[in-house]
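Q: Below is the file model00.pdb, with PDB, C-alpha atoms, pLDDT in the B column.
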ATOM      1  CA  MET Y  12       0.045  12.637 -18.476  1.00 93.00           C
ATOM      2  CA  THR Y  13       1.642  13.664 -15.222  1.00 90.00           C
ATOM      3  CA  GLY Y  14       0.525  15.304 -12.018  1.00 86.00           C
ATOM      4  CA  GLY Y  15       1.063  18.955 -11.233  1.00 87.00           C
ATOM      5  CA  GLY Y  16      -0.696  22.160 -10.250  1.00 88.00           C
ATOM      6  CA  ASP Y  17      -4.344  23.085 -10.430  1.00 90.00           C
ATOM      7  CA  LEU Y  18      -6.206  23.223 -13.707  1.00 92.00           C
ATOM      8  CA  ASP Y  19      -7.699  26.658 -14.319  1.00 93.00           C
ATOM      9  CA  PRO Y  20     -11.475  26.333 -13.837  1.00 94.00           C
ATOM     10  CA  GLU Y  21     -11.959  28.572 -16.865  1.00 94.00           C
ATOM     11  CA  ASN Y  22     -11.161  25.431 -18.909  1.00 95.00           C
ATOM     12  CA  TYR Y  23     -14.422  23.829 -17.774  1.00 94.00           C
ATOM     13  CA  GLY Y  24     -16.578  26.942 -17.443  1.00 95.00           C
ATOM     14  CA  ALA Y  25     -16.473  27.365 -13.654  1.00 93.00           C
ATOM     15  CA  PRO Y  26     -15.629  30.435 -11.592  1.00 91.00           C
ATOM     16  CA  PRO Y  27     -12.525  29.996  -9.411  1.00 88.00           C
ATOM     17  CA  THR Y  28     -12.978  29.228  -5.725  1.00 83.00           C
ATOM     18  CA  ARG Y  29     -10.826  30.783  -3.005  1.00 80.00           C
ATOM     19  CA  GLU Y  30      -8.935  27.474  -2.584  1.00 77.00           C
ATOM     20  CA  ARG Y  31      -7.619  27.587  -6.149  1.00 74.00           C
ATOM     21  CA  ARG Y  32      -3.863  27.324  -6.288  1.00 73.00           C
ATOM     22  CA  ALA Y  33      -1.463  28.572  -8.950  1.00 79.00           C
ATOM     23  CA  CYS Y  34      -2.538  27.687 -12.483  1.00 87.00           C
ATOM     24  CA  ASP Y  35      -0.486  27.611 -15.660  1.00 92.00           C
ATOM     25  CA  PRO Y  36      -2.724  28.405 -18.655  1.00 92.00           C
ATOM     26  CA  ILE Y  37       0.021  27.571 -21.166  1.00 95.00           C
ATOM     27  CA  ARG Y  38       0.529  24.094 -19.676  1.00 95.00           C
ATOM     28  CA  ASP Y  39      -3.250  23.622 -19.447  1.00 96.00           C
ATOM     29  CA  GLY Y  40      -3.583  24.326 -23.169  1.00 97.00           C
ATOM     30  CA  TRP Y  41      -0.788  21.939 -24.144  1.00 97.00           C
ATOM     31  CA  ASP Y  42      -2.011  19.162 -21.839  1.00 97.00           C
ATOM     32  CA  ILE Y  43      -5.605  19.448 -23.041  1.00 98.00           C
ATOM     33  CA  ALA Y  44      -4.430  19.291 -26.668  1.00 98.00           C
ATOM     34  CA  LEU Y  45      -2.224  16.256 -25.913  1.00 97.00           C
ATOM     35  CA  CYS Y  46      -5.092  14.393 -24.235  1.00 97.00           C
ATOM     36  CA  ARG Y  47      -7.420  15.061 -27.154  1.00 98.00           C
ATOM     37  CA  LEU Y  48      -4.733  13.871 -29.569  1.00 98.00           C
ATOM     38  CA  ALA Y  49      -4.103  10.691 -27.540  1.00 97.00           C
ATOM     39  CA  VAL Y  50      -7.817   9.857 -27.608  1.00 97.00           C
ATOM     40  CA  GLU Y  51      -8.185  10.735 -31.290  1.00 98.00           C
ATOM     41  CA  ARG Y  52      -5.188   8.598 -32.295  1.00 97.00           C
ATOM     42  CA  ASP Y  53      -5.856   5.686 -29.888  1.00 95.00           C
ATOM     43  CA  LEU Y  54      -2.486   6.206 -28.183  1.00 95.00           C
ATOM     44  CA  PRO Y  55      -2.046   4.107 -25.030  1.00 92.00           C
ATOM     45  CA  THR Y  56      -2.092   6.662 -22.223  1.00 94.00           C
ATOM     46  CA  LEU Y  57      -1.943   6.605 -18.440  1.00 94.00           C
ATOM     47  CA  ALA Y  58      -3.038   9.916 -16.925  1.00 95.00           C
ATOM     48  CA  ILE Y  59      -2.039  10.448 -13.275  1.00 94.00           C
ATOM     49  CA  CYS Y  60      -3.681  12.895 -10.823  1.00 91.00           C
ATOM     50  CA  ARG Y  61      -3.735  16.240 -12.668  1.00 94.00           C
ATOM     51  CA  GLY Y  62      -3.353  14.207 -15.858  1.00 96.00           C
ATOM     52  CA  SER Y  63      -6.623  12.405 -15.117  1.00 96.00           C
ATOM     53  CA  GLN Y  64      -8.306  15.723 -14.389  1.00 96.00           C
ATOM     54  CA  ILE Y  65      -6.953  17.199 -17.650  1.00 97.00           C
ATOM     55  CA  LEU Y  66      -8.137  14.137 -19.593  1.00 98.00           C
ATOM     56  CA  ASN Y  67     -11.636  14.528 -18.197  1.00 98.00           C
ATOM     57  CA  VAL Y  68     -11.779  18.281 -18.910  1.00 98.00           C
ATOM     58  CA  ALA Y  69     -10.362  17.748 -22.428  1.00 98.00           C
ATOM     59  CA  LEU Y  70     -13.395  15.557 -23.094  1.00 98.00           C
ATOM     60  CA  GLY Y  71     -15.906  18.037 -21.688  1.00 98.00           C
ATOM     61  CA  GLY Y  72     -16.012  17.020 -18.013  1.00 98.00           C
ATOM     62  CA  THR Y  73     -15.758  19.155 -14.888  1.00 97.00           C
ATOM     63  CA  LEU Y  74     -13.853  19.113 -11.598  1.00 96.00           C
ATOM     64  CA  VAL Y  75     -14.460  19.583  -7.911  1.00 93.00           C
ATOM     65  CA  GLN Y  76     -12.088  22.472  -7.209  1.00 89.00           C
ATOM     66  CA  HIS Y  77     -11.354  21.605  -3.586  1.00 81.00           C
ATOM     67  CA  ILE Y  78     -11.751  18.581  -1.336  1.00 80.00           C
ATOM     68  CA  GLU Y  79     -10.659  18.837   2.286  1.00 70.00           C
ATOM     69  CA  ASP Y  80      -8.267  16.233   3.702  1.00 66.00           C
ATOM     70  CA  HIS Y  81      -7.318  14.622   0.393  1.00 55.00           C
ATOM     71  CA  PHE Y  82      -3.734  15.865   0.381  1.00 54.00           C
ATOM     72  CA  ASP Y  83      -1.709  13.609   2.698  1.00 55.00           C
ATOM     73  CA  ILE Y  84       1.944  14.114   1.689  1.00 54.00           C
ATOM     74  CA  ASP Y  85       3.281  12.369   4.796  1.00 57.00           C
ATOM     75  CA  ARG Y  86       1.800   9.079   3.590  1.00 54.00           C
ATOM     76  CA  TYR Y  87       2.750   9.334  -0.089  1.00 50.00           C
ATOM     77  CA  ASN Y  88       3.921   5.722  -0.368  1.00 56.00           C
ATOM     78  CA  GLU Y  89       1.249   4.206   1.845  1.00 57.00           C
ATOM     79  CA  GLY Y  90      -2.041   2.932   0.599  1.00 53.00           C
ATOM     80  CA  ARG Y  91      -4.963   3.833   2.760  1.00 53.00           C
ATOM     81  CA  PRO Y  92      -7.034   0.638   2.546  1.00 42.00           C
ATOM     82  CA  ARG Y  93     -10.281   2.598   2.437  1.00 39.00           C
ATOM     83  CA  ARG Y  94      -9.079   4.777  -0.439  1.00 50.00           C
ATOM     84  CA  VAL Y  95     -10.224   3.000  -3.605  1.00 56.00           C
ATOM     85  CA  ASP Y  96     -13.201   1.005  -2.519  1.00 46.00           C
ATOM     86  CA  ARG Y  97     -14.442  -0.240  -5.840  1.00 50.00           C
ATOM     87  CA  CYS Y  98     -12.758  -0.871  -9.181  1.00 54.00           C
ATOM     88  CA  GLY Y  99     -14.806  -1.665 -12.252  1.00 54.00           C
ATOM     89  CA  GLN Y 100     -14.035  -4.522 -14.609  1.00 55.00           C
ATOM     90  CA  HIS Y 101     -11.364  -2.558 -16.503  1.00 55.00           C
ATOM     91  CA  GLY Y 102      -9.726  -1.444 -13.251  1.00 57.00           C
ATOM     92  CA  ARG Y 103      -9.593  -5.076 -12.087  1.00 58.00           C
ATOM     93  CA  ARG Y 104      -8.098  -6.118 -15.418  1.00 65.00           C
ATOM     94  CA  MET Y 105      -5.342  -3.539 -15.114  1.00 67.00           C
ATOM     95  CA  THR Y 106      -4.504  -3.895 -11.424  1.00 68.00           C
ATOM     96  CA  GLY Y 107      -5.630  -7.425 -10.630  1.00 67.00           C
ATOM     97  CA  ALA Y 108      -7.619  -6.044  -7.680  1.00 67.00           C
ATOM     98  CA  SER Y 109     -11.242  -5.150  -7.012  1.00 66.00           C
ATOM     99  CA  ARG Y 110     -10.153  -2.969  -4.062  1.00 70.00           C
ATOM    100  CA  LEU Y 111      -6.820  -1.354  -3.385  1.00 75.00           C
ATOM    101  CA  GLY Y 112      -5.135   1.124  -1.111  1.00 74.00           C
ATOM    102  CA  ALA Y 113      -3.934   4.284  -2.783  1.00 75.00           C
ATOM    103  CA  ASN Y 114      -2.227   7.469  -1.713  1.00 70.00           C
ATOM    104  CA  THR Y 115      -4.073  10.761  -1.740  1.00 71.00           C
ATOM    105  CA  LEU Y 116      -2.031  13.734  -2.937  1.00 70.00           C
ATOM    106  CA  HIS Y 117      -4.655  15.980  -4.460  1.00 69.00           C
ATOM    107  CA  HIS Y 118      -7.209  18.571  -3.489  1.00 83.00           C
ATOM    108  CA  GLN Y 119      -9.123  18.518  -6.772  1.00 88.00           C
ATOM    109  CA  ALA Y 120     -10.997  15.613  -8.354  1.00 91.00           C
ATOM    110  CA  LEU Y 121     -13.406  14.773 -11.154  1.00 94.00           C
ATOM    111  CA  MET Y 122     -16.984  15.950 -10.766  1.00 95.00           C
ATOM    112  CA  THR Y 123     -18.839  15.110 -13.973  1.00 97.00           C
ATOM    113  CA  PRO Y 124     -17.307  12.702 -16.489  1.00 97.00           C
ATOM    114  CA  GLY Y 125     -16.616  14.014 -19.976  1.00 98.00           C
ATOM    115  CA  ASP Y 126     -17.883  12.542 -23.259  1.00 98.00           C
ATOM    116  CA  GLY Y 127     -16.981   8.846 -23.435  1.00 97.00           C
ATOM    117  CA  VAL Y 128     -15.390   8.904 -19.960  1.00 96.00           C
ATOM    118  CA  ARG Y 129     -16.411   5.982 -17.790  1.00 92.00           C
ATOM    119  CA  VAL Y 130     -15.794   5.867 -14.042  1.00 92.00           C
ATOM    120  CA  VAL Y 131     -14.043   2.579 -13.168  1.00 87.00           C
ATOM    121  CA  ALA Y 132     -13.045   3.175  -9.534  1.00 84.00           C
ATOM    122  CA  GLN Y 133     -14.376   5.202  -6.636  1.00 84.00           C
ATOM    123  CA  ALA Y 134     -13.467   5.735  -3.001  1.00 82.00           C
ATOM    124  CA  PRO Y 135     -16.004   5.156  -0.217  1.00 81.00           C
ATOM    125  CA  ASP Y 136     -16.646   8.938  -0.132  1.00 81.00           C
ATOM    126  CA  MET Y 137     -17.587   8.606  -3.844  1.00 85.00           C
ATOM    127  CA  THR Y 138     -14.500  10.501  -5.062  1.00 87.00           C
ATOM    128  CA  ILE Y 139     -13.804   9.334  -8.611  1.00 90.00           C
ATOM    129  CA  GLU Y 140     -10.455   7.535  -8.434  1.00 88.00           C
ATOM    130  CA  ALA Y 141     -10.073   6.044 -11.921  1.00 90.00           C
ATOM    131  CA  ILE Y 142     -11.539   6.535 -15.376  1.00 92.00           C
ATOM    132  CA  GLU Y 143     -11.199   5.113 -18.837  1.00 91.00           C
ATOM    133  CA  VAL Y 144     -12.204   6.435 -22.223  1.00 94.00           C
ATOM    134  CA  GLU Y 145     -14.666   4.038 -23.815  1.00 93.00           C
ATOM    135  CA  GLY Y 146     -13.158   2.091 -26.707  1.00 91.00           C
ATOM    136  CA  LYS Y 147      -9.735   3.713 -26.272  1.00 91.00           C
ATOM    137  CA  PRO Y 148      -6.505   2.564 -24.559  1.00 90.00           C
ATOM    138  CA  VAL Y 149      -6.671   5.646 -22.305  1.00 92.00           C
ATOM    139  CA  VAL Y 150      -6.895   5.414 -18.515  1.00 91.00           C
ATOM    140  CA  GLY Y 151      -6.697   8.005 -15.753  1.00 93.00           C
ATOM    141  CA  VAL Y 152      -6.111   7.531 -12.017  1.00 92.00           C
ATOM    142  CA  GLN Y 153      -6.458  10.148  -9.302  1.00 89.00           C
ATOM    143  CA  TRP Y 154      -3.707   8.727  -7.097  1.00 87.00           C
ATOM    144  CA  HIS Y 155       0.053   8.539  -7.734  1.00 86.00           C
ATOM    145  CA  PRO Y 156       0.899   4.898  -8.566  1.00 88.00           C
ATOM    146  CA  GLU Y 157       4.486   5.857  -9.458  1.00 86.00           C
ATOM    147  CA  LEU Y 158       5.079   6.445  -5.732  1.00 83.00           C
ATOM    148  CA  MET Y 159       3.631   3.023  -4.897  1.00 80.00           C
ATOM    149  CA  ARG Y 160       5.257   0.939  -7.630  1.00 82.00           C
ATOM    150  CA  HIS Y 161       6.639  -1.382  -4.936  1.00 85.00           C
ATOM    151  CA  ARG Y 162       3.093  -2.789  -4.707  1.00 84.00           C
ATOM    152  CA  PRO Y 163       2.146  -5.197  -7.494  1.00 87.00           C
ATOM    153  CA  GLU Y 164      -1.327  -3.718  -8.078  1.00 84.00           C
ATOM    154  CA  HIS Y 165       0.154  -0.271  -8.746  1.00 84.00           C
ATOM    155  CA  LEU Y 166       3.077  -1.522 -10.826  1.00 88.00           C
ATOM    156  CA  ALA Y 167       0.470  -3.384 -12.900  1.00 88.00           C
ATOM    157  CA  LEU Y 168      -0.839  -0.059 -14.237  1.00 87.00           C
ATOM    158  CA  PHE Y 169       2.537   0.684 -15.832  1.00 90.00           C
ATOM    159  CA  GLN Y 170       2.922  -2.893 -17.061  1.00 90.00           C
ATOM    160  CA  SER Y 171      -0.513  -2.646 -18.706  1.00 86.00           C
ATOM    161  CA  LEU Y 172       0.503   0.608 -20.392  1.00 88.00           C
ATOM    162  CA  VAL Y 173       3.691  -0.972 -21.754  1.00 91.00           C
ATOM    163  CA  ARG Y 174       1.735  -4.012 -23.029  1.00 88.00           C
ATOM    164  CA  LEU Y 175      -0.769  -1.773 -24.795  1.00 84.00           C
ATOM    165  CA  ALA Y 176       1.986   0.337 -26.353  1.00 88.00           C
ATOM    166  CA  SER Y 177       3.866  -2.770 -27.506  1.00 90.00           C
ATOM    167  CA  SER Y 178       0.911  -4.384 -29.260  1.00 82.00           C
TER     168      SER Y 178
END
For the structure just supplied, provide its representation as structure tokens.
A:
Amino acid sequence: MTGGGDLDPENYGAPPTRERRACDPIRDGWDIALCRLAVERDLPTLAICRGSQILNVALGGTLVQHIEDHFDIDRYNEGRPRRVDRCGQHGRRMTGASRLGANTLHHQALMTPGDGVRVVAQAPDMTIEAIEVEGKPVVGVQWHPELMRHRPEHLALFQSLVRLASS
């Protein structure tokens, strides 16, 4: 599940804030359906940025509609060492790291985890940075590891996905 524009807050029962950016209700519907199908069928899935947000909402979670200073396009391929302060056991298994630097290219983030969604990484400001669906090969990250694939801990996410899909 890829990144992209804002998810319409109607999908998680919230009124829109003034910071809401363009939404695409047709894409929202398709992406939510795809996430539910991936979970239902145990399909190995890596959800990135908006994809992670969609995954959470598809499972009944909610979002923070706007976070100041979390969109830093000028540093898209740099990891800010403070960014992901703590990775849970699953996050360590996938990345090989208990802490890692990650880019920040979003202004929305997860608020309350959905059904079966477990938080596996957070930033020092408590922003949820990574999730997994309990008992499923489905993981979501708030950052964009595809822009940081030159770093082994970010490339490891894609390698883990390929391993899961191949088994």
Q: Could you work out an axis-aligned box for stretch 18-36 of chain Y, taking every atom the file lists and adding 3 Å on each side, and report centre and edge lengths in Å to one decimal, as lines of an AutoDock Vina configuration file?
A:
center_x = -8.5
center_y = 27.0
center_z = -10.7
size_x = 22.1
size_y = 13.6
size_z = 22.3
Q: Which residues, protein or nucleic acid, reach to within 6 Å of (-15.9, 16.7, -7.8) in the file's coordinates when using all atoms listed in the file, and can you give that as a ChimeraX atom specification?
A: /Y:74-75,120-122
Q: Could you name the residues that touch stretch 50-53 of chain Y at 12 Å or less, counting all atoms listed in the file, but leaving out those on the same chain fewer than 2 positions away, as a list of chain:residue names?
A: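 Result of the neighbour search: Y:Ile43, Y:Ala44, Y:Leu45, Y:Cys46, Y:Arg47, Y:Leu48, Y:Pro55, Y:Thr56, Y:Leu57, Y:Ala58, Y:Leu66, Y:Asn67, Y:Ala69, Y:Leu70, Y:Asp126, Y:Gly127, Y:Val128, Y:Glu143, Y:Val144, Y:Glu145, Y:Gly146, Y:Lys147, Y:Pro148, Y:Val149, Y:Val150, Y:Leu175, Y:Ala176.
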Q: Taking (-2.9, -0.3, -6.2) in the file's coordinates as the center, which residues reach within 7 Å of it, counting all atoms listed in the file, put as a ChimeraX atom specification?
A: /Y:106,111-113,156,162,164-165
Q: For the selection you just gave me, I'd like the residues written to a file as a PDB file, in the frame of the given file, keeping C-alpha atoms.
A:
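What landed in result-v6.pdb:
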ATOM      1  CA  THR Y 106      -4.504  -3.895 -11.424  1.00 68.00           C
ATOM      2  CA  LEU Y 111      -6.820  -1.354  -3.385  1.00 75.00           C
ATOM      3  CA  GLY Y 112      -5.135   1.124  -1.111  1.00 74.00           C
ATOM      4  CA  ALA Y 113      -3.934   4.284  -2.783  1.00 75.00           C
ATOM      5  CA  PRO Y 156       0.899   4.898  -8.566  1.00 88.00           C
ATOM      6  CA  ARG Y 162       3.093  -2.789  -4.707  1.00 84.00           C
ATOM      7  CA  GLU Y 164      -1.327  -3.718  -8.078  1.00 84.00           C
ATOM      8  CA  HIS Y 165       0.154  -0.271  -8.746  1.00 84.00           C
TER       9      HIS Y 165
END
Q: Suppose a student applies the PyMOL selection byres ((chain Y and resi 28) around 12) to this structure; what residues should they get, written as a list in words?
A: Asp17, Asp19, Pro20, Glu21, Ala25, Pro26, Pro27, Arg29, Glu30, Arg31, Arg32, Ala33, Leu74, Val75, Gln76, His77, Ile78 and Gln119 of chain Y
Q: Using all atoms listed in the file, which residue out of Y:His161, Y:Thr115, Y:Gly72, Y:Ser171 lies closest to Y:Arg129?
A: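 Checking each candidate against Y:Arg129, we get Y:Gly72 as the closest.
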Q: Do you have the atom CA of Y:Phe169-atom CA of Y:Tyr23 distance handy?
A: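 Computed distance, atom CA of Y:Phe169 to atom CA of Y:Tyr23, equals 28.8 Å.
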Q: Which polymer residues have any atom within 7 Å of an atom of Y:Val130, counting only C-alpha atoms, with same-chain residues fewer than 3 positions away left out, as a PyMOL selection string?
A: chain Y and resi 139+141-143
Q: On this structure, the PyMOL selection byres ((chain Y and resi 13) around 6) would catch which residues? List them as number ranges by chain, sorted by chain and number.
A: Y: 12, 14, 59, 62
Q: Looking at Y:Ala49, Y:Leu54, Y:Cys34, Y:Ala134, which one is nearest to Y:Trp154, with distances taken over all atoms listed in the file?
A: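 Smallest separation from Y:Trp154 among the options: Y:Ala134.
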Q: Report, in Å with one decimal, the straight-line distance from atom CA of Y:Thr138 to atom CA of Y:His118.
A: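 That distance, rounded to one decimal, is 11.0 Å.
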Q: Determine the nearest neighbour of Y:Gly71 from the options Y:Arg174, Y:Arg110, Y:Asp35, Y:Gly125, counting all atoms listed in the file.
A: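 Of Y:Arg174, Y:Arg110, Y:Asp35, Y:Gly125, the one nearest Y:Gly71, counting all atoms listed in the file, is Y:Gly125.
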Q: In Å, how far is it from atom CA of Y:Ile37 to atom CA of Y:Glu79?
A: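 Atom CA of Y:Glu79 lies 27.2 Å from atom CA of Y:Ile37.
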